[in-house]
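Asks: Contents of entry-v1.cif (mmCIF, C-alpha atoms) are given next:
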```
data_query
#
loop_
_atom_site.label_atom_id
_atom_site.label_comp_id
_atom_site.auth_asym_id
_atom_site.auth_seq_id
_atom_site.Cartn_x
_atom_site.Cartn_y
_atom_site.Cartn_z
CA MET Y 1 16.94 127.84 -82.40
CA GLU Y 2 15.26 126.35 -85.45
CA ARG Y 3 15.75 128.28 -88.70
CA VAL Y 4 13.91 126.84 -91.66
CA ARG Y 5 14.92 127.51 -95.25
CA ARG Y 6 11.58 127.46 -97.07
CA ALA Y 7 11.19 125.71 -100.42
CA SER Y 8 11.02 129.17 -102.00
CA HIS Y 9 10.93 127.96 -105.63
CA ALA Y 10 8.18 125.39 -105.09
CA GLY Y 11 5.04 126.43 -106.94
CA SER Y 12 7.01 128.20 -109.69
CA TRP Y 13 10.06 126.17 -110.74
CA TYR Y 14 8.50 122.90 -109.66
CA THR Y 15 5.18 121.83 -108.15
CA ASN Y 16 4.44 122.54 -104.49
CA ASN Y 17 1.86 119.74 -104.47
CA ALA Y 18 3.51 116.98 -102.41
CA ARG Y 19 1.61 114.09 -104.03
CA LYS Y 20 2.21 115.36 -107.56
CA LEU Y 21 5.92 116.02 -106.87
CA ASP Y 22 6.31 112.55 -105.38
CA GLU Y 23 4.67 111.00 -108.47
CA GLU Y 24 6.85 113.05 -110.85
CA LEU Y 25 10.05 112.01 -109.06
CA ASP Y 26 8.89 108.39 -109.02
CA GLY Y 27 8.19 108.50 -112.74
CA TRP Y 28 11.53 110.07 -113.65
CA LEU Y 29 13.50 107.66 -111.46
CA ARG Y 30 11.65 104.71 -113.02
CA ALA Y 31 12.23 106.08 -116.52
CA ALA Y 32 15.93 106.33 -115.72
CA GLY Y 33 15.83 102.56 -115.15
CA LEU Y 34 16.62 103.06 -111.51
CA THR Y 35 14.24 102.27 -108.62
CA ASN Y 36 12.13 127.26 -115.34
CA HIS Y 37 15.73 128.60 -115.12
CA ALA Y 38 14.30 125.70 -116.54
CA GLY Y 39 12.73 124.17 -113.54
CA TYR Y 40 11.83 120.50 -113.41
CA SER Y 41 9.97 120.49 -116.72
CA TYR Y 42 13.39 120.47 -118.40
CA SER Y 43 15.96 119.39 -115.82
CA GLY Y 44 13.97 116.96 -113.65
CA ARG Y 45 14.10 113.97 -115.97
CA CYS Y 46 17.81 114.47 -116.70
CA ALA Y 47 18.65 114.75 -113.00
CA ALA Y 48 16.96 111.40 -112.30
CA TYR Y 49 19.76 109.58 -114.09
CA ALA Y 50 22.25 110.88 -111.52
CA PHE Y 51 20.08 110.68 -108.38
CA GLY Y 52 18.97 107.16 -109.29
CA ASN Y 53 22.58 106.03 -108.78
CA ILE Y 54 22.50 106.82 -105.06
CA ASP Y 55 22.45 103.91 -102.60
CA PRO Y 56 20.94 105.60 -99.51
CA THR Y 57 21.66 102.74 -97.10
CA ASN Y 58 25.27 103.68 -96.28
CA ILE Y 59 25.11 107.47 -96.58
CA SER Y 60 24.44 109.71 -93.59
CA ARG Y 61 25.52 113.10 -94.93
CA VAL Y 62 25.04 114.94 -98.23
CA PHE Y 63 27.22 117.91 -99.19
CA LEU Y 64 25.47 120.25 -101.63
CA LEU Y 65 27.65 122.50 -103.78
CA GLY Y 66 25.77 125.03 -105.88
CA PRO Y 67 26.69 128.19 -107.79
CA SER Y 68 25.54 131.63 -106.69
CA HIS Y 69 23.32 133.26 -109.32
CA HIS Y 70 22.28 136.47 -107.51
CA TYR Y 71 24.69 137.09 -104.66
CA TYR Y 72 28.32 138.04 -105.25
CA THR Y 73 31.00 136.52 -103.06
CA PRO Y 74 34.59 135.60 -103.98
CA LYS Y 75 34.40 132.83 -101.34
CA CYS Y 76 32.18 129.89 -100.38
CA ALA Y 77 29.28 130.57 -98.03
CA LEU Y 78 27.61 128.33 -95.45
CA THR Y 79 23.93 128.27 -94.50
CA ARG Y 80 22.49 129.69 -91.28
CA ALA Y 81 19.42 127.47 -91.62
CA THR Y 82 18.95 124.38 -89.43
CA ILE Y 83 16.39 122.76 -91.74
CA TYR Y 84 15.99 122.71 -95.52
CA SER Y 85 12.31 122.26 -96.29
CA THR Y 86 10.80 120.52 -99.35
CA PRO Y 87 7.16 119.81 -100.21
CA ILE Y 88 7.80 116.09 -99.59
CA GLY Y 89 9.85 116.24 -96.38
CA ASP Y 90 12.43 118.25 -94.49
CA LEU Y 91 16.20 117.73 -94.48
CA PRO Y 92 18.13 118.67 -91.32
CA VAL Y 93 21.39 120.61 -91.72
CA ASP Y 94 24.52 119.02 -90.19
CA HIS Y 95 25.62 121.83 -87.91
CA GLU Y 96 28.64 119.98 -86.56
CA VAL Y 97 30.20 120.00 -90.03
CA ILE Y 98 29.06 123.59 -90.68
CA GLU Y 99 30.88 124.66 -87.50
CA GLU Y 100 33.92 122.59 -88.48
CA LEU Y 101 34.09 124.33 -91.87
CA ASN Y 102 33.47 127.76 -90.31
CA ALA Y 103 36.38 127.17 -87.91
CA THR Y 104 38.79 127.08 -90.89
CA GLY Y 105 38.19 130.82 -91.36
CA LYS Y 106 37.80 130.29 -95.12
CA PHE Y 107 33.99 130.49 -95.34
CA ASP Y 108 31.37 133.23 -95.08
CA PHE Y 109 27.80 132.73 -93.89
CA MET Y 110 24.86 133.59 -96.16
CA ASP Y 111 21.70 135.18 -94.82
CA LEU Y 112 18.47 133.22 -95.06
CA SER Y 113 17.19 135.67 -97.72
CA VAL Y 114 20.25 134.91 -99.92
CA ASP Y 115 19.78 131.19 -99.26
CA GLU Y 116 16.11 131.27 -100.28
CA ALA Y 117 16.74 133.42 -103.37
CA GLU Y 118 19.21 130.84 -104.76
CA HIS Y 119 17.66 127.98 -106.72
CA SER Y 120 20.76 125.93 -107.58
CA MET Y 121 20.80 123.71 -104.49
CA GLU Y 122 17.04 123.77 -103.91
CA MET Y 123 16.46 121.94 -107.20
CA HIS Y 124 18.34 118.93 -105.73
CA LEU Y 125 16.43 118.85 -102.44
CA PRO Y 126 13.20 117.07 -103.51
CA TYR Y 127 15.28 114.32 -105.14
CA LEU Y 128 17.37 113.93 -101.98
CA SER Y 129 14.25 113.89 -99.83
CA LYS Y 130 12.76 111.21 -102.11
CA VAL Y 131 15.87 109.00 -102.42
CA PHE Y 132 16.64 109.17 -98.68
CA GLN Y 133 13.04 108.59 -97.51
CA GLY Y 134 13.19 106.46 -94.35
CA HIS Y 135 16.93 107.04 -93.89
CA ASN Y 136 18.59 109.43 -91.45
CA VAL Y 137 20.54 111.89 -93.55
CA LYS Y 138 21.77 115.42 -92.93
CA VAL Y 139 22.76 118.05 -95.49
CA VAL Y 140 25.75 120.41 -95.68
CA PRO Y 141 24.81 123.17 -98.18
CA ILE Y 142 27.73 125.23 -99.54
CA LEU Y 143 27.11 128.19 -101.84
CA VAL Y 144 30.10 128.46 -104.18
CA GLY Y 145 30.92 132.04 -105.14
CA ALA Y 146 32.93 133.49 -108.02
CA LEU Y 147 36.17 131.77 -107.04
CA ASN Y 148 39.53 132.34 -108.67
CA SER Y 149 41.63 129.27 -109.57
CA GLN Y 150 43.66 129.45 -106.36
CA ASN Y 151 40.50 129.41 -104.22
CA GLU Y 152 38.97 126.58 -106.23
CA ALA Y 153 42.10 124.54 -105.45
CA MET Y 154 42.11 125.66 -101.80
CA TYR Y 155 38.47 124.67 -101.18
CA GLY Y 156 39.06 121.43 -103.09
CA GLN Y 157 41.92 120.53 -100.78
CA LEU Y 158 39.97 121.57 -97.70
CA LEU Y 159 36.89 119.48 -98.60
CA SER Y 160 38.79 116.45 -99.92
CA LYS Y 161 38.94 114.71 -96.53
CA TYR Y 162 35.13 114.56 -96.48
CA LEU Y 163 35.19 112.80 -99.85
CA ASP Y 164 37.32 110.04 -98.30
CA ASP Y 165 34.53 109.22 -95.82
CA PRO Y 166 32.24 106.64 -97.51
CA LYS Y 167 29.27 107.88 -95.43
CA ASN Y 168 29.43 111.23 -97.25
CA PHE Y 169 27.82 111.99 -100.61
CA PHE Y 170 28.46 115.06 -102.76
CA SER Y 171 25.77 116.62 -104.96
CA ILE Y 172 27.10 119.24 -107.40
CA SER Y 173 24.60 121.57 -109.07
CA SER Y 174 25.12 122.91 -112.58
CA ASP Y 175 23.49 123.33 -115.95
CA PHE Y 176 25.52 123.24 -119.14
CA CYS Y 177 25.47 125.58 -122.12
CA HIS Y 178 23.08 128.56 -122.00
CA TRP Y 179 22.93 129.39 -125.71
CA GLY Y 180 21.32 132.38 -127.43
CA THR Y 181 21.44 136.16 -127.60
CA ARG Y 182 19.49 136.40 -124.31
CA PHE Y 183 22.45 134.63 -122.64
CA SER Y 184 25.00 136.68 -124.67
CA TYR Y 185 26.50 133.43 -125.93
CA THR Y 186 26.19 132.32 -129.56
CA TYR Y 187 29.27 130.18 -130.21
CA TYR Y 188 28.62 128.18 -133.39
CA ASP Y 189 30.96 125.74 -135.11
CA LYS Y 190 29.28 125.17 -138.49
CA SER Y 191 31.31 122.01 -139.13
CA HIS Y 192 28.88 120.18 -136.80
CA GLY Y 193 25.83 121.11 -138.90
CA ALA Y 194 22.80 122.51 -137.06
CA ILE Y 195 23.35 124.89 -134.14
CA HIS Y 196 22.08 122.37 -131.59
CA LYS Y 197 24.63 119.84 -132.86
CA SER Y 198 27.40 122.40 -132.37
CA ILE Y 199 26.15 123.07 -128.80
CA GLU Y 200 26.08 119.33 -128.08
CA ALA Y 201 29.63 118.86 -129.41
CA LEU Y 202 30.84 121.76 -127.25
CA ASP Y 203 29.07 120.39 -124.16
CA ARG Y 204 30.31 116.84 -124.74
CA MET Y 205 33.87 118.13 -125.06
CA GLY Y 206 33.46 119.69 -121.59
CA MET Y 207 31.84 116.52 -120.22
CA GLU Y 208 34.74 114.38 -121.47
CA ILE Y 209 37.24 116.73 -119.81
CA ILE Y 210 35.29 116.59 -116.52
CA GLU Y 211 35.38 112.77 -116.75
CA THR Y 212 39.20 112.91 -116.77
CA GLY Y 213 39.02 114.59 -113.35
CA ASN Y 214 41.58 117.19 -114.41
CA PRO Y 215 40.76 120.68 -113.03
CA ASP Y 216 43.48 122.36 -115.13
CA ALA Y 217 42.14 120.90 -118.39
CA PHE Y 218 38.62 122.04 -117.42
CA LYS Y 219 39.92 125.56 -116.72
CA GLN Y 220 41.65 125.62 -120.12
CA TYR Y 221 38.42 124.48 -121.84
CA LEU Y 222 36.44 127.28 -120.15
CA GLN Y 223 39.05 129.87 -121.10
CA GLU Y 224 39.11 128.72 -124.72
CA TYR Y 225 35.37 128.32 -125.39
CA GLU Y 226 33.79 130.39 -122.58
CA ASN Y 227 30.96 127.84 -122.39
CA THR Y 228 28.22 129.24 -120.15
CA ILE Y 229 28.26 126.42 -117.57
CA CYS Y 230 26.72 128.09 -114.51
CA GLY Y 231 28.22 125.59 -112.05
CA ARG Y 232 31.78 125.87 -113.36
CA HIS Y 233 33.09 126.89 -109.91
CA PRO Y 234 31.40 124.02 -107.96
CA ILE Y 235 32.58 121.58 -110.67
CA SER Y 236 36.13 122.95 -110.45
CA VAL Y 237 36.10 122.64 -106.64
CA PHE Y 238 34.94 119.02 -106.96
CA LEU Y 239 37.66 118.24 -109.53
CA SER Y 240 40.23 119.71 -107.12
CA MET Y 241 38.79 117.52 -104.36
CA LEU Y 242 39.35 114.45 -106.54
CA LYS Y 243 42.95 115.52 -107.03
CA HIS Y 244 43.59 115.71 -103.27
CA CYS Y 245 41.51 112.87 -101.84
CA LEU Y 246 42.98 109.43 -101.16
CA THR Y 247 40.02 107.55 -102.66
CA LYS Y 248 40.17 106.97 -106.42
CA ILE Y 249 36.91 108.24 -107.86
CA LYS Y 250 35.69 108.01 -111.44
CA ILE Y 251 33.18 110.43 -112.97
CA GLY Y 252 30.85 109.16 -115.68
CA PHE Y 253 28.14 111.17 -117.45
CA VAL Y 254 24.87 109.28 -117.68
CA ARG Y 255 22.51 111.67 -119.50
CA TYR Y 256 22.51 114.74 -121.73
CA GLU Y 257 19.53 116.84 -122.86
CA GLN Y 258 18.72 120.27 -124.29
CA SER Y 259 15.62 122.32 -123.42
CA SER Y 260 15.06 122.87 -127.16
CA GLN Y 261 16.91 122.34 -130.43
CA CYS Y 262 18.37 125.60 -131.74
CA LYS Y 263 18.20 125.89 -135.52
CA SER Y 264 18.49 129.66 -136.01
CA MET Y 265 20.33 132.51 -134.30
CA ARG Y 266 16.98 133.69 -132.87
CA ASP Y 267 16.59 130.48 -130.85
CA SER Y 268 17.84 129.77 -127.35
CA SER Y 269 18.36 126.72 -125.18
CA VAL Y 270 19.81 125.44 -121.93
CA SER Y 271 21.67 122.14 -121.78
CA TYR Y 272 21.50 119.64 -118.92
CA ALA Y 273 23.98 116.89 -118.16
CA SER Y 274 23.90 114.35 -115.32
CA ALA Y 275 26.97 112.58 -114.03
CA ALA Y 276 27.62 110.05 -111.30
CA ALA Y 277 30.96 109.86 -109.49
CA LYS Y 278 31.78 106.48 -107.99
CA VAL Y 279 34.70 104.81 -106.23
CA ASP Y 280 36.86 103.34 -108.97
CA THR Y 281 37.32 99.70 -107.96
CA PRO Y 282 39.93 97.77 -109.98
CA ALA Y 283 38.47 94.73 -111.76
CA GLU Y 284 40.44 92.17 -109.70
CA GLU Y 285 39.15 93.69 -106.44
CA GLU Y 286 35.56 93.50 -107.66
CA LYS Y 287 35.83 89.71 -107.88
CA ASP Y 288 36.58 89.34 -104.15
#
```
Taking this structure as input, can you express it in the form of structure tokens?

Replies:
Amino acid sequence: MERVRRASHAGSWYTNNARKLDEELDGWLRAAGLTNHAGYSYSGRCAAYAFGNIDPTNISRVFLLGPSHHYYTPKCALTRATIYSTPIGDLPVDHEVIEELNATGKFDFMDLSVDEAEHSMEMHLPYLSKVFQGHNVKVVPILVGALNSQNEAMYGQLLSKYLDDPKNFFSISSDFCHWGTRFSYTYYDKSHGAIHKSIEALDRMGMEIIETGNPDAFKQYLQEYENTICGRHPISVFLSMLKHCLTKIKIGFVRYEQSSQCKSMRDSSVSYASAAAKVDTPAEEEKD
């Protein structure tokens, strides 16, 4: 039976006009030099720098890991939908893999209403639909709940085998710092000058730790600074996957932006960072 997850945030967080959305994505991908939670007005351009790195020719499956903003679960949850809809094309769900993951007994299922209420993975879908136009690709959406460290490591180990398959691609959804009294987070290190410079220094510290691929160092950073990175659990799961997979993968951040520049304690902003993770090929192998 076909169960469609509607593009529930189209028309509010991003345009539901297919032609306009297609043009916007085209423009951002071109601007990245590659051929409102904040919505696309803030995050769309930044995301292009990551999605523009995808070579769709050899990929047949995309795993989506996104945080849960409205629904509490201490586990990861799988979708019941068979199709994820976007204004510019539908993406079929890979039910073989969903069943495989469900068989481990470690996952819950989320209802369609929970699925449609969550924006974190939906914001990636139009980009995926655009980049994979004309290619057969299926998606494996995984809602990542409020995991403890042990579960982050467990899911990382469990998913690591999929990272070793070169036909699989992983898309991890997260914003960076949510700064301001409305987010109950006003960390400010005056040694960096303006508030927005302090936010950037804090974010870049986290980005550099993520680039090391060390989940324990990332956990320590979050404990020390409590940076409001909404996708900290999906990121931690991915870092644990890197630790357990056989393929050597290198993370590199390609873009950083803030929705506005905070100059006073009355201001607020959300930070966006895009990274691309690629197989780390030693220099001598690249020459072959």

Asks: For Cys245 in chain Y, which residue among Y:Leu159, Y:Val114, Y:Leu64, Y:Leu222 is the nearest when counting all atoms listed in the file?

Replies: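 Nearest candidate to Cys245 in chain Y out of Y:Leu159, Y:Val114, Y:Leu64, Y:Leu222: Y:Leu159.
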
Asks: Which is closer to Ser68 in chain Y than all the others in Y:Glu226, Y:Glu122, Y:Asp165, Y:Glu208, using all atoms listed in the file?

Replies: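 For Ser68 in chain Y, the nearest of the candidates is Y:Glu122.
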
Asks: For each of Y:Ile209, Y:Ala201, Y:Ile235, Y:Ile54, take the minimum atom-to-atom distance to Pro67 in chain Y, counting all atoms listed in the file, then give the residue where this is smallest.

Replies: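 Checking each of Y:Ile209, Y:Ala201, Y:Ile235, Y:Ile54 against Pro67 in chain Y, counting all atoms listed in the file, the winner is Y:Ile235.
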
Asks: Between CA of Thr79 in chain Y and CA of Pro166 in chain Y, what is the distance in Å, rounded to a tenth?

Replies: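 Result for CA of Thr79 in chain Y versus CA of Pro166 in chain Y: 23.4 Å, one decimal.
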
Asks: Starting from the displayed file, determine the output of the PyMOL selection byres ((chain Y and resi 22) around 12) and express the residue list as a list in words.

Replies: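 Checking the PyMOL selection byres ((chain Y and resi 22) around 12) against this file, the residues are Tyr14, Thr15, Asn16, Asn17, Ala18, Arg19, Lys20, Leu21, Glu23, Glu24, Leu25, Asp26, Gly27, Trp28, Leu29, Thr86, Pro87, Ile88, Gly89, Pro126, Tyr127, Leu128, Ser129, Lys130, Val131 and Gln133 of chain Y.
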
Asks: Write to file, as a PDB file, keeping the file's coordinate frame, the residues of the selection just made, with C-alpha atoms.

Replies:
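Generated file (part01.pdb):
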```pdb
ATOM      1  CA  TYR Y  14       8.500 122.900-109.660  1.00  0.00           C
ATOM      2  CA  THR Y  15       5.180 121.830-108.150  1.00  0.00           C
ATOM      3  CA  ASN Y  16       4.440 122.540-104.490  1.00  0.00           C
ATOM      4  CA  ASN Y  17       1.860 119.740-104.470  1.00  0.00           C
ATOM      5  CA  ALA Y  18       3.510 116.980-102.410  1.00  0.00           C
ATOM      6  CA  ARG Y  19       1.610 114.090-104.030  1.00  0.00           C
ATOM      7  CA  LYS Y  20       2.210 115.360-107.560  1.00  0.00           C
ATOM      8  CA  LEU Y  21       5.920 116.020-106.870  1.00  0.00           C
ATOM      9  CA  GLU Y  23       4.670 111.000-108.470  1.00  0.00           C
ATOM     10  CA  GLU Y  24       6.850 113.050-110.850  1.00  0.00           C
ATOM     11  CA  LEU Y  25      10.050 112.010-109.060  1.00  0.00           C
ATOM     12  CA  ASP Y  26       8.890 108.390-109.020  1.00  0.00           C
ATOM     13  CA  GLY Y  27       8.190 108.500-112.740  1.00  0.00           C
ATOM     14  CA  TRP Y  28      11.530 110.070-113.650  1.00  0.00           C
ATOM     15  CA  LEU Y  29      13.500 107.660-111.460  1.00  0.00           C
ATOM     16  CA  THR Y  86      10.800 120.520 -99.350  1.00  0.00           C
ATOM     17  CA  PRO Y  87       7.160 119.810-100.210  1.00  0.00           C
ATOM     18  CA  ILE Y  88       7.800 116.090 -99.590  1.00  0.00           C
ATOM     19  CA  GLY Y  89       9.850 116.240 -96.380  1.00  0.00           C
ATOM     20  CA  PRO Y 126      13.200 117.070-103.510  1.00  0.00           C
ATOM     21  CA  TYR Y 127      15.280 114.320-105.140  1.00  0.00           C
ATOM     22  CA  LEU Y 128      17.370 113.930-101.980  1.00  0.00           C
ATOM     23  CA  SER Y 129      14.250 113.890 -99.830  1.00  0.00           C
ATOM     24  CA  LYS Y 130      12.760 111.210-102.110  1.00  0.00           C
ATOM     25  CA  VAL Y 131      15.870 109.000-102.420  1.00  0.00           C
ATOM     26  CA  GLN Y 133      13.040 108.590 -97.510  1.00  0.00           C
TER      27      GLN Y 133
END
```
